[in-house]
$ cat work.cif   # mmCIF, C-alpha atoms
data_upload
loop_
_atom_site.label_atom_id
_atom_site.label_comp_id
_atom_site.auth_asym_id
_atom_site.auth_seq_id
_atom_site.Cartn_x
_atom_site.Cartn_y
_atom_site.Cartn_z
CA MET A 1 38.81 -4.88 28.44
CA PRO A 2 37.75 -1.83 26.38
CA SER A 3 34.41 -0.21 27.12
CA LEU A 4 32.02 -1.06 24.29
CA VAL A 5 29.49 1.53 23.22
CA LEU A 6 26.61 1.96 20.81
CA SER A 7 27.64 4.75 18.45
CA ALA A 8 25.03 4.51 15.68
CA TRP A 9 21.75 2.75 14.96
CA SER A 10 19.37 2.04 12.12
CA ALA A 11 15.71 1.10 12.45
CA ILE A 12 12.81 -0.01 10.28
CA SER A 13 9.43 -0.17 11.95
CA PRO A 14 5.70 0.03 11.21
CA TYR A 15 6.18 3.80 11.46
CA GLY A 16 8.40 3.71 8.37
CA VAL A 17 11.95 3.19 7.15
CA GLY A 18 14.60 5.05 9.11
CA ASN A 19 15.24 6.32 12.61
CA GLU A 20 13.20 9.51 12.36
CA PRO A 21 9.81 7.82 11.74
CA LEU A 22 10.37 5.66 14.83
CA ARG A 23 11.43 8.66 16.89
CA GLN A 24 8.40 10.70 15.84
CA GLY A 25 5.92 7.86 16.18
CA LEU A 26 7.04 7.02 19.71
CA ALA A 27 7.11 10.67 20.76
CA GLU A 28 3.49 11.01 19.61
CA GLY A 29 2.48 7.67 21.14
CA ARG A 30 0.85 6.88 17.82
CA ASP A 31 -0.59 3.46 17.05
CA ALA A 32 1.11 2.08 13.90
CA LEU A 33 -1.27 -0.88 13.46
CA VAL A 34 -3.36 -0.99 10.29
CA PRO A 35 -6.23 -3.21 9.03
CA LEU A 36 -5.04 -6.21 7.06
CA ASP A 37 -5.98 -6.56 3.41
CA ARG A 38 -7.92 -9.83 3.45
CA GLU A 39 -7.29 -10.42 -0.25
CA GLN A 40 -3.54 -10.32 0.34
CA HIS A 41 -3.33 -11.87 3.82
CA GLU A 42 -5.77 -14.59 4.90
CA ALA A 43 -4.55 -14.26 8.48
CA PRO A 44 -6.39 -14.74 11.78
CA PHE A 45 -5.60 -11.17 12.90
CA ALA A 46 -7.64 -8.15 11.87
CA ARG A 47 -4.70 -5.72 12.12
CA ALA A 48 -0.92 -5.79 11.89
CA GLY A 49 2.09 -3.52 12.22
CA LEU A 50 3.43 -3.46 8.66
CA VAL A 51 6.30 -1.36 7.37
CA PRO A 52 4.40 0.99 5.02
CA GLY A 53 5.20 0.67 1.33
CA PHE A 54 8.21 -1.55 1.92
CA THR A 55 9.47 -3.73 -0.94
CA ALA A 56 12.89 -5.12 -1.78
CA ALA A 57 12.83 -3.43 -5.19
CA GLU A 58 12.09 -0.04 -3.66
CA TYR A 59 14.63 -0.05 -0.82
CA VAL A 60 17.32 -2.50 -1.89
CA GLY A 61 17.12 -2.07 -5.68
CA LYS A 62 15.61 -3.95 -8.61
CA LYS A 63 18.81 -5.70 -9.61
CA GLY A 64 19.28 -9.05 -7.91
CA THR A 65 16.22 -8.83 -5.65
CA ARG A 66 13.57 -10.71 -7.64
CA THR A 67 13.80 -13.72 -5.32
CA MET A 68 14.75 -11.84 -2.14
CA ASP A 69 12.25 -12.49 0.64
CA ARG A 70 10.89 -9.83 2.96
CA VAL A 71 12.94 -10.51 6.09
CA THR A 72 16.15 -10.47 4.04
CA ALA A 73 15.16 -7.18 2.42
CA LEU A 74 14.39 -5.68 5.82
CA ALA A 75 17.77 -6.81 7.16
CA VAL A 76 19.74 -5.62 4.13
CA THR A 77 18.02 -2.22 4.33
CA ALA A 78 18.60 -1.84 8.08
CA VAL A 79 22.27 -2.82 7.81
CA GLY A 80 22.58 -0.44 4.88
CA GLY A 81 21.53 2.38 7.17
CA LEU A 82 24.82 1.94 9.06
CA VAL A 83 27.20 1.15 6.22
CA GLY A 84 27.81 4.82 5.50
CA VAL A 85 28.81 5.37 9.13
CA VAL A 86 31.63 2.81 8.87
CA ALA A 87 32.44 3.33 5.19
CA GLU A 88 36.08 4.21 5.86
CA GLU A 89 36.61 1.15 8.08
CA LEU A 90 34.94 -1.15 5.55
CA ALA A 91 37.10 0.22 2.74
CA GLU A 92 40.36 -0.23 4.67
CA ARG A 93 39.75 -3.50 6.57
CA PRO A 94 36.38 -5.07 5.77
CA GLU A 95 37.36 -8.27 7.63
CA GLN A 96 37.43 -6.34 10.93
CA THR A 97 33.70 -5.56 10.81
CA ALA A 98 31.47 -8.39 12.02
CA LEU A 99 27.73 -8.86 11.56
CA VAL A 100 25.51 -10.56 14.15
CA LEU A 101 21.89 -10.73 13.07
CA GLY A 102 18.97 -12.16 15.00
CA THR A 103 16.02 -13.84 13.32
CA GLY A 104 13.06 -16.04 14.18
CA SER A 105 13.00 -19.00 11.83
CA GLY A 106 14.37 -17.06 8.91
CA SER A 107 11.46 -16.50 6.51
CA VAL A 108 8.55 -18.76 7.48
CA GLN A 109 6.81 -17.80 4.25
CA SER A 110 9.79 -18.86 2.13
CA ILE A 111 10.12 -22.18 3.94
CA MET A 112 6.44 -23.02 3.59
CA ASP A 113 6.12 -21.82 0.00
CA PHE A 114 9.12 -23.87 -1.10
CA THR A 115 7.84 -26.96 0.72
CA LYS A 116 4.36 -26.51 -0.78
CA ASP A 117 5.80 -26.26 -4.31
CA SER A 118 7.70 -29.52 -3.80
CA LEU A 119 4.47 -31.26 -2.78
CA THR A 120 2.03 -29.78 -5.28
CA GLY A 121 4.22 -29.63 -8.38
CA GLU A 122 4.19 -32.29 -11.07
CA ARG A 123 7.54 -33.50 -9.70
CA PRO A 124 9.03 -32.84 -6.24
CA TYR A 125 12.05 -31.26 -7.86
CA HIS A 126 9.98 -28.89 -9.98
CA VAL A 127 10.72 -25.97 -7.67
CA GLU A 128 12.41 -22.66 -8.35
CA ALA A 129 16.00 -23.34 -7.33
CA ALA A 130 16.75 -19.63 -6.93
CA ARG A 131 14.33 -19.50 -4.00
CA PHE A 132 15.95 -22.30 -2.03
CA PRO A 133 18.50 -20.03 -0.26
CA ASN A 134 15.55 -18.17 1.32
CA THR A 135 14.71 -21.31 3.31
CA VAL A 136 18.04 -21.20 5.18
CA MET A 137 18.04 -19.34 8.50
CA ASN A 138 21.23 -17.37 7.84
CA ARG A 139 20.03 -16.05 4.47
CA ALA A 140 19.36 -12.53 5.82
CA ALA A 141 22.75 -12.22 7.54
CA GLY A 142 24.60 -13.64 4.56
CA GLN A 143 22.90 -11.39 2.03
CA SER A 144 23.44 -8.33 4.23
CA ALA A 145 27.16 -9.04 4.37
CA ILE A 146 27.43 -9.75 0.64
CA TRP A 147 25.37 -6.71 -0.31
CA HIS A 148 27.40 -4.32 1.83
CA HIS A 149 30.86 -5.96 1.51
CA ILE A 150 31.16 -6.87 5.18
CA LYS A 151 33.85 -9.56 5.38
CA GLY A 152 34.24 -10.14 9.12
CA PRO A 153 32.58 -12.91 11.15
CA ASN A 154 28.96 -13.46 10.15
CA THR A 155 26.57 -14.97 12.70
CA THR A 156 22.85 -15.71 12.87
CA VAL A 157 21.17 -15.96 16.28
CA ALA A 158 17.63 -17.20 16.99
CA GLY A 159 15.97 -17.12 20.40
CA GLY A 160 12.34 -16.06 20.21
CA SER A 161 11.45 -12.63 21.56
CA LEU A 162 14.81 -12.35 23.34
CA THR A 163 16.70 -12.70 20.06
CA GLY A 164 17.86 -9.07 19.99
CA LEU A 165 19.43 -9.34 23.44
CA LEU A 166 20.96 -12.72 22.64
CA ALA A 167 22.50 -11.26 19.48
CA LEU A 168 23.93 -8.36 21.48
CA SER A 169 25.40 -10.74 24.05
CA TYR A 170 27.03 -12.78 21.28
CA ALA A 171 28.38 -9.61 19.67
CA LEU A 172 30.08 -8.61 22.93
CA ARG A 173 31.76 -12.01 23.25
CA LEU A 174 32.79 -11.94 19.60
CA HIS A 175 34.57 -8.62 20.04
CA ARG A 176 36.11 -9.45 23.40
CA GLY A 177 37.44 -12.67 21.95
CA GLY A 178 39.50 -10.60 19.49
CA HIS A 179 37.63 -11.76 16.38
CA CYS A 180 36.76 -8.29 15.06
CA GLY A 181 37.24 -4.58 15.62
CA ARG A 182 33.55 -3.62 15.61
CA VAL A 183 30.18 -5.33 15.26
CA LEU A 184 26.98 -4.49 13.45
CA CYS A 185 24.41 -6.19 15.63
CA GLY A 186 20.62 -6.40 15.50
CA ALA A 187 17.56 -8.41 14.55
CA ALA A 188 14.85 -8.55 11.89
CA GLU A 189 11.36 -10.04 11.55
CA GLU A 190 8.84 -10.11 8.70
CA PHE A 191 5.05 -10.31 8.66
CA SER A 192 3.48 -13.06 6.60
CA THR A 193 0.24 -15.03 6.57
CA GLN A 194 2.20 -18.18 7.38
CA ARG A 195 3.85 -16.64 10.44
CA ALA A 196 0.48 -15.27 11.56
CA TRP A 197 -1.10 -18.73 11.64
CA LEU A 198 1.89 -20.26 13.44
CA GLU A 199 1.77 -17.54 16.08
CA TRP A 200 -2.00 -17.87 16.44
CA HIS A 201 -1.90 -21.60 17.11
CA GLY A 202 1.06 -21.25 19.45
CA ARG A 203 -0.57 -18.67 21.71
CA ALA A 204 -2.90 -18.98 24.68
CA GLU A 205 -6.38 -17.57 24.13
CA GLU A 206 -5.74 -14.33 26.03
CA GLU A 207 -2.63 -13.63 23.94
CA ARG A 208 -4.41 -13.80 20.58
CA LYS A 209 -5.65 -10.23 20.89
CA THR A 210 -2.20 -8.79 20.17
CA PRO A 211 -1.60 -8.42 16.40
CA LEU A 212 1.74 -9.11 14.78
CA GLY A 213 4.29 -6.56 13.70
CA GLU A 214 7.50 -6.52 11.70
CA GLY A 215 10.69 -4.51 11.47
CA ALA A 216 14.42 -4.48 12.08
CA ALA A 217 17.00 -2.62 14.13
CA VAL A 218 20.79 -2.73 13.85
CA PHE A 219 23.44 -1.08 16.06
CA LEU A 220 27.12 -0.28 15.75
CA VAL A 221 28.99 -1.74 18.72
CA GLU A 222 32.62 -0.62 19.08
CA PRO A 223 35.23 0.46 21.65
CA ALA A 224 34.61 3.93 23.06
CA GLU A 225 38.05 5.16 22.00
CA GLU A 226 37.50 4.08 18.39
CA ALA A 227 34.14 5.84 18.28
CA ALA A 228 35.79 9.01 19.58
CA ALA A 229 38.67 8.74 17.09
CA ALA A 230 36.18 8.44 14.23
CA GLY A 231 34.15 11.39 15.46
CA ARG A 232 31.15 9.27 16.41
CA THR A 233 29.10 10.06 19.52
CA ALA A 234 28.95 7.27 22.10
CA LEU A 235 25.19 7.10 22.60
CA ALA A 236 25.32 4.52 25.37
CA ARG A 237 27.77 2.15 27.01
CA VAL A 238 26.80 -1.50 26.97
CA ALA A 239 27.06 -2.10 30.70
CA GLY A 240 25.76 -5.68 30.84
CA VAL A 241 23.53 -8.34 29.29
CA ARG A 242 22.26 -11.28 31.35
CA PHE A 243 19.79 -14.15 31.15
CA ARG A 244 18.19 -16.49 33.65
CA ALA A 245 15.91 -19.50 33.42
CA TYR A 246 12.71 -20.20 35.32
CA ARG A 247 11.02 -23.56 35.78
CA THR A 248 7.41 -22.68 36.53
CA PRO A 249 5.13 -19.96 35.11
CA ASP A 250 5.15 -18.24 38.51
CA GLY A 251 8.95 -18.16 38.53
CA ALA A 252 9.37 -15.55 35.80
CA ARG A 253 8.92 -12.57 38.12
CA GLU A 254 11.57 -13.69 40.60
CA ALA A 255 13.98 -14.68 37.83
CA LEU A 256 13.75 -11.31 36.09
CA THR A 257 13.98 -9.35 39.35
CA THR A 258 17.20 -11.17 40.19
CA CYS A 259 18.49 -10.75 36.64
CA VAL A 260 17.95 -6.98 36.67
CA ARG A 261 19.43 -6.50 40.14
CA GLU A 262 22.55 -8.49 39.33
CA THR A 263 23.08 -6.70 36.01
CA LEU A 264 22.70 -3.25 37.58
CA GLU A 265 25.06 -4.17 40.41
CA ALA A 266 27.69 -5.52 38.02
CA ALA A 267 27.35 -2.36 35.92
CA GLY A 268 27.77 -0.11 38.95
CA ALA A 269 24.42 1.54 38.24
CA SER A 270 21.89 2.34 40.94
CA PRO A 271 18.15 1.70 40.49
CA ALA A 272 17.54 5.44 40.82
CA SER A 273 19.78 6.13 37.81
CA VAL A 274 17.51 4.21 35.40
CA ARG A 275 15.90 6.79 33.13
CA PHE A 276 14.25 4.49 30.58
CA VAL A 277 12.73 1.01 30.80
CA ALA A 278 11.72 -0.77 27.59
CA PRO A 279 9.86 -3.98 28.50
CA LEU A 280 8.89 -6.70 26.04
CA GLY A 281 5.33 -6.74 27.35
CA GLY A 282 4.54 -10.28 26.25
CA GLY A 283 0.96 -11.44 26.10
CA GLY A 284 -1.30 -12.15 29.04
CA LYS A 285 0.12 -12.72 32.51
CA ARG A 286 3.76 -12.41 31.40
CA ALA A 287 3.44 -8.69 30.74
CA ALA A 288 2.20 -7.92 34.25
CA GLU A 289 4.87 -10.14 35.80
CA GLU A 290 7.60 -8.47 33.76
CA GLU A 291 6.60 -4.97 34.85
CA GLN A 292 6.22 -6.03 38.46
CA ALA A 293 9.66 -7.67 38.37
CA VAL A 294 11.24 -4.47 37.07
CA THR A 295 9.40 -2.43 39.70
CA ASP A 296 10.67 -4.80 42.39
CA ALA A 297 14.23 -4.41 41.12
CA LEU A 298 14.02 -0.60 40.95
CA PRO A 299 12.65 0.48 44.33
CA GLY A 300 11.99 4.18 44.46
CA ALA A 301 12.90 4.74 40.79
CA ARG A 302 10.62 6.63 38.42
CA PRO A 303 11.79 5.76 34.91
CA ASP A 304 10.02 6.53 31.66
CA TRP A 305 8.40 3.33 30.39
CA LEU A 306 8.69 2.74 26.65
CA ARG A 307 5.98 0.20 25.79
CA LEU A 308 6.17 -0.78 22.12
CA ARG A 309 4.00 -3.88 21.84
CA GLY A 310 0.71 -1.99 21.86
CA LEU A 311 1.98 0.45 19.23
CA LEU A 312 3.87 -1.84 16.83
CA GLY A 313 2.38 -5.27 17.52
CA ASP A 314 4.30 -8.41 18.41
CA THR A 315 7.53 -8.08 16.42
CA SER A 316 8.81 -11.39 17.79
CA ALA A 317 12.51 -11.85 16.93
CA ALA A 318 12.96 -8.12 16.32
CA ALA A 319 11.22 -7.08 19.55
CA THR A 320 14.10 -6.50 21.96
CA ALA A 321 16.21 -4.90 19.21
CA LEU A 322 13.38 -2.44 18.53
CA GLN A 323 13.07 -1.87 22.29
CA LEU A 324 16.71 -0.79 22.34
CA ALA A 325 16.11 1.41 19.30
CA ALA A 326 13.25 3.03 21.22
CA VAL A 327 15.62 3.79 24.11
CA LEU A 328 18.11 5.47 21.78
CA ALA A 329 15.31 7.37 20.05
CA ALA A 330 14.05 8.67 23.40
CA ALA A 331 17.57 9.54 24.59
CA GLY A 332 18.13 11.84 21.63
CA GLU A 333 21.12 12.60 19.44
CA ARG A 334 23.57 12.84 22.35
CA GLY A 335 22.45 9.57 23.92
CA LEU A 336 22.27 8.79 27.61
CA GLY A 337 23.76 11.45 29.84
CA PRO A 338 26.33 11.04 32.63
CA GLY A 339 24.87 9.08 35.51
CA GLU A 340 21.90 7.88 33.48
CA ALA A 341 21.00 4.28 32.72
CA ALA A 342 18.47 2.45 30.57
CA LEU A 343 17.02 -1.03 30.86
CA VAL A 344 15.69 -3.41 28.20
CA THR A 345 13.89 -6.52 29.47
CA GLY A 346 12.02 -9.56 28.20
CA VAL A 347 10.25 -12.69 29.42
CA GLU A 348 10.00 -15.65 27.05
CA GLN A 349 7.27 -18.24 27.45
CA ASP A 350 9.77 -21.09 27.06
CA GLY A 351 11.34 -20.38 30.46
CA GLN A 352 13.94 -17.67 29.90
CA VAL A 353 14.21 -14.04 30.97
CA GLY A 354 16.79 -11.49 29.91
CA CYS A 355 17.84 -7.90 30.40
CA ALA A 356 20.41 -5.43 29.21
CA VAL A 357 21.67 -2.34 31.01
CA PHE A 358 23.07 0.69 29.20
CA THR A 359 24.69 3.69 30.83
CA GLY A 360 25.83 7.10 29.78
CA ALA A 361 29.17 6.86 28.02
#
$ encode --input "work.cif" --output "C-alpha cells"
Amino acid sequence: MPSLVLSAWSAISPYGVGNEPLRQGLAEGRDALVPLDREQHEAPFARAGLVPGFTAAEYVGKKGTRTMDRVTALAVTAVGGLVGVVAEELAERPEQTALVLGTGSGSVQSIMDFTKDSLTGERPYHVEAARFPNTVMNRAAGQSAIWHHIKGPNTTVAGGSLTGLLALSYALRLHRGGHCGRVLCGAAEEFSTQRAWLEWHGRAEEERKTPLGEGAAVFLVEPAEEAAAAGRTALARVAGVRFRAYRTPDGAREALTTCVRETLEAAGASPASVRFVAPLGGGGKRAAEEEQAVTDALPGARPDWLRLRGLLGDTSAAATALQLAAVLAAAGERGLGPGEAALVTGVEQDGQVGCAVFTGA
C-alpha cells in the first residue's frame, strides 16, 4: 500500500484564524483564554477559548450564511484553508477528493434553539425551516463540501475527545479501500452556552475548573508520491493510528501504554525517536494517567510535550485534531525530519484510549 502523508494543514484556534496564529501562540506559550461576556453567554465558566472576532459573514461571506451556525462556519473556513492547495485536483477530478470531518453532536446550540422554538411558539411547526439543517450532525461536512465543490466521499465522525484521531483512522481506510485519491480530514467544535451547560453537568467536580474552547483543524492526507509530484512537502508520514478499550478507571494507563507501544512497534519507530508528544490532558486523574502511560511507553525518551488544554481550553471534538496541528506547527515548514517521530494521544472517560504515530517522510 502507498505511504500516506500529511502535506498541508489548516487551523482555527483561540489564537486566531490560520496556521500562523497557532504557531506563534504555542511558541510563546501564551494563554488564549478570555473572560466570558455574561450578557452574551450565561455559562457556568468564567473564561473560554474563543476564536477572536470570528463570524460566518466575516470569514465565509455574507451571501448564503444568514442561517449558518458557528461550527459549520468554522469547518467551512478551515476546509477553505486547504482548497487552494488542491485547486488543480479539484478542478480536474473533484470526485477523487474526499472529506472526513469530526464533530461532537453537530451544533448543540442549533439543536436546542430549534427544539425550544417548537415548544414555545404558538404552534409546534412555527419554526424557521431554514435552520433545521443545522440540527443534523453532518451539516458541517456537507456544507464544507458544497461550498468548496468537493464531490468525493463525505463522512461525519463523532467520538468525543478522540474524534480527530477517529476521523484520521477512517480517512486512512477510505483511501486504502480505493474510494478516493486524497482526503481532507479533520474536526471542528464550537463554543456555546448550551454546550457549556452540558459539559458542566457531565463533568466530575475536579474537572469543572477547565474552561471550554473551540476551533478546527483540517489536514491533507495523500500518497507520498502524489504530494511530491504536485510539489507539496510531505510534513509527516501517518505511521499508525490505534485504539484500545479499558473497563475500569484504573485501566486507562495500562491500555494507553500498550496502545502506544504497539503503534510504535508497528511503525518501526523507537521510543527514543519520538520528538513531540501532544497529549489530550483530560480533566482530573485522566491527565496524570495519560502522561504516565506515555512515559511508561517511552523509556529513556525526552520528547517535547505540547500541552494545549491549559492554553486553549477543552476543545472537545476538535481536541486531537488541534493536537496534531500543534505537532505540525512545532515541526516547522519542512515537517518531521528523518528518523523523527511524533505522538498524539488521548484518554476518553467512556472507556477508550487512542494514539497516532507520525514519522519523518
$ residues_around --input "work.cif" --residues "Arg176 of chain A" --least-positions-apart "3" --cutoff "12 Å" --atoms "all atoms listed in the file" --output "list in words"
Met1, Pro2, Ser3, Leu4, Ser169, Tyr170, Ala171, Leu172, Arg173, His179, Cys180, Gly181, Arg182, Val183, Val221, Glu222 and Pro223 of chain A
$ write_last_selection --input "work.cif" --atoms "C-alpha atoms" --output "PDB file, in the coordinates of the input"
ATOM      1  CA  MET A   1      38.810  -4.880  28.440  1.00  0.00           C
ATOM      2  CA  PRO A   2      37.750  -1.830  26.380  1.00  0.00           C
ATOM      3  CA  SER A   3      34.410  -0.210  27.120  1.00  0.00           C
ATOM      4  CA  LEU A   4      32.020  -1.060  24.290  1.00  0.00           C
ATOM      5  CA  SER A 169      25.400 -10.740  24.050  1.00  0.00           C
ATOM      6  CA  TYR A 170      27.030 -12.780  21.280  1.00  0.00           C
ATOM      7  CA  ALA A 171      28.380  -9.610  19.670  1.00  0.00           C
ATOM      8  CA  LEU A 172      30.080  -8.610  22.930  1.00  0.00           C
ATOM      9  CA  ARG A 173      31.760 -12.010  23.250  1.00  0.00           C
ATOM     10  CA  HIS A 179      37.630 -11.760  16.380  1.00  0.00           C
ATOM     11  CA  CYS A 180      36.760  -8.290  15.060  1.00  0.00           C
ATOM     12  CA  GLY A 181      37.240  -4.580  15.620  1.00  0.00           C
ATOM     13  CA  ARG A 182      33.550  -3.620  15.610  1.00  0.00           C
ATOM     14  CA  VAL A 183      30.180  -5.330  15.260  1.00  0.00           C
ATOM     15  CA  VAL A 221      28.990  -1.740  18.720  1.00  0.00           C
ATOM     16  CA  GLU A 222      32.620  -0.620  19.080  1.00  0.00           C
ATOM     17  CA  PRO A 223      35.230   0.460  21.650  1.00  0.00           C
TER      18      PRO A 223
END
$ atom_distance --input "work.cif" --atom1 "atom CA of Arg334 of chain A" --atom2 "atom CA of Leu235 of chain A"
6.0 Å
$ resolve_selection --input "work.cif" --expression "the PyMOL selection byres ((chain A and resi 5-16) around 8)" --output "ChimeraX atom specification"
/A:3-4,17-19,21-22,25,32-33,49-52,74,78-79,81-82,85,213-224,227,232-238,312,322,325,361
$ atom_distance --input "work.cif" --atom1 "atom CA of Cys355 of chain A" --atom2 "atom CA of Val241 of chain A"
5.8 Å
$ resolve_selection --input "work.cif" --expression "the PyMOL selection byres ((chain A and resi 319) around 12)" --output "PyMOL selection string"
chain A and resi 11-13+102-104+159-166+186-190+212-218+278-282+307-318+320-326+344-348
$ atom_distance --input "work.cif" --atom1 "atom CA of Ala341 of chain A" --atom2 "atom CA of Gln96 of chain A"
29.3 Å
$ resolve_selection --input "work.cif" --expression "the PyMOL selection byres ((chain A and resi 271) around 9)" --output "PyMOL selection string"
chain A and resi 261+264+269-270+272-274+297-301+341
$ closest_residue --input "work.cif" --among "A:Glu290, A:Thr156, A:Ile146, A:Gly240" --to "Glu265 of chain A" --atoms "only C-alpha atoms"
A:Gly240
$ closest_residue --input "work.cif" --among "A:Leu174, A:Ala228, A:Ala27, A:Ala331" --to "Ala98 of chain A" --atoms "all atoms listed in the file"
A:Leu174
$ closest_residue --input "work.cif" --among "A:Arg244, A:Lys285, A:Arg23, A:Arg139" --to "Thr72 of chain A" --atoms "only C-alpha atoms"
A:Arg139
$ closest_residue --input "work.cif" --among "A:Phe45, A:Val86, A:Gln292, A:Glu39" --to "Gly231 of chain A" --atoms "all atoms listed in the file"
A:Val86
$ residues_around --input "work.cif" --residues "Ala342 of chain A" --least-positions-apart "5" --cutoff "7 Å" --atoms "all atoms listed in the file" --output "ChimeraX atom specification"
/A:274-277,357-359
$ write_last_selection --input "work.cif" --atoms "C-alpha atoms" --output "compact mmCIF listing (two decimals), in the coordinates of the input"
# COMPACT_ATOMS: atom_id res chain seq x y z
CA VAL A 274 17.51 4.21 35.40
CA ARG A 275 15.90 6.79 33.13
CA PHE A 276 14.25 4.49 30.58
CA VAL A 277 12.73 1.01 30.80
CA VAL A 357 21.67 -2.34 31.01
CA PHE A 358 23.07 0.69 29.20
CA THR A 359 24.69 3.69 30.83
$ residues_around --input "work.cif" --residues "Asp37 of chain A" --least-positions-apart "2" --cutoff "12 Å" --atoms "all atoms listed in the file" --output "compact mmCIF listing (two decimals) with C-alpha atoms, keeping the file's coordinate frame"
# COMPACT_ATOMS: atom_id res chain seq x y z
CA VAL A 34 -3.36 -0.99 10.29
CA PRO A 35 -6.23 -3.21 9.03
CA GLU A 39 -7.29 -10.42 -0.25
CA GLN A 40 -3.54 -10.32 0.34
CA HIS A 41 -3.33 -11.87 3.82
CA GLU A 42 -5.77 -14.59 4.90
CA ALA A 43 -4.55 -14.26 8.48
CA PRO A 44 -6.39 -14.74 11.78
CA PHE A 45 -5.60 -11.17 12.90
CA ALA A 46 -7.64 -8.15 11.87
CA ARG A 47 -4.70 -5.72 12.12
CA ALA A 48 -0.92 -5.79 11.89
CA LEU A 50 3.43 -3.46 8.66
CA SER A 192 3.48 -13.06 6.60
CA THR A 193 0.24 -15.03 6.57
$ closest_residue --input "work.cif" --among "A:Gly84, A:Gln143, A:Leu256, A:Leu90" --to "Gly64 of chain A" --atoms "only C-alpha atoms"
A:Gln143
$ closest_residue --input "work.cif" --among "A:Glu340, A:Glu207, A:Gln349, A:Thr263" --to "Gly283 of chain A" --atoms "all atoms listed in the file"
A:Glu207
$ residues_around --input "work.cif" --residues "Glu95 of chain A" --least-positions-apart "2" --cutoff "6 Å" --atoms "all atoms listed in the file" --output "PDB file with C-alpha atoms, in the coordinates of the input"
ATOM      1  CA  ARG A  93      39.750  -3.500   6.570  1.00  0.00           C
ATOM      2  CA  THR A  97      33.700  -5.560  10.810  1.00  0.00           C
ATOM      3  CA  LYS A 151      33.850  -9.560   5.380  1.00  0.00           C
ATOM      4  CA  GLY A 152      34.240 -10.140   9.120  1.00  0.00           C
TER       5      GLY A 152
END
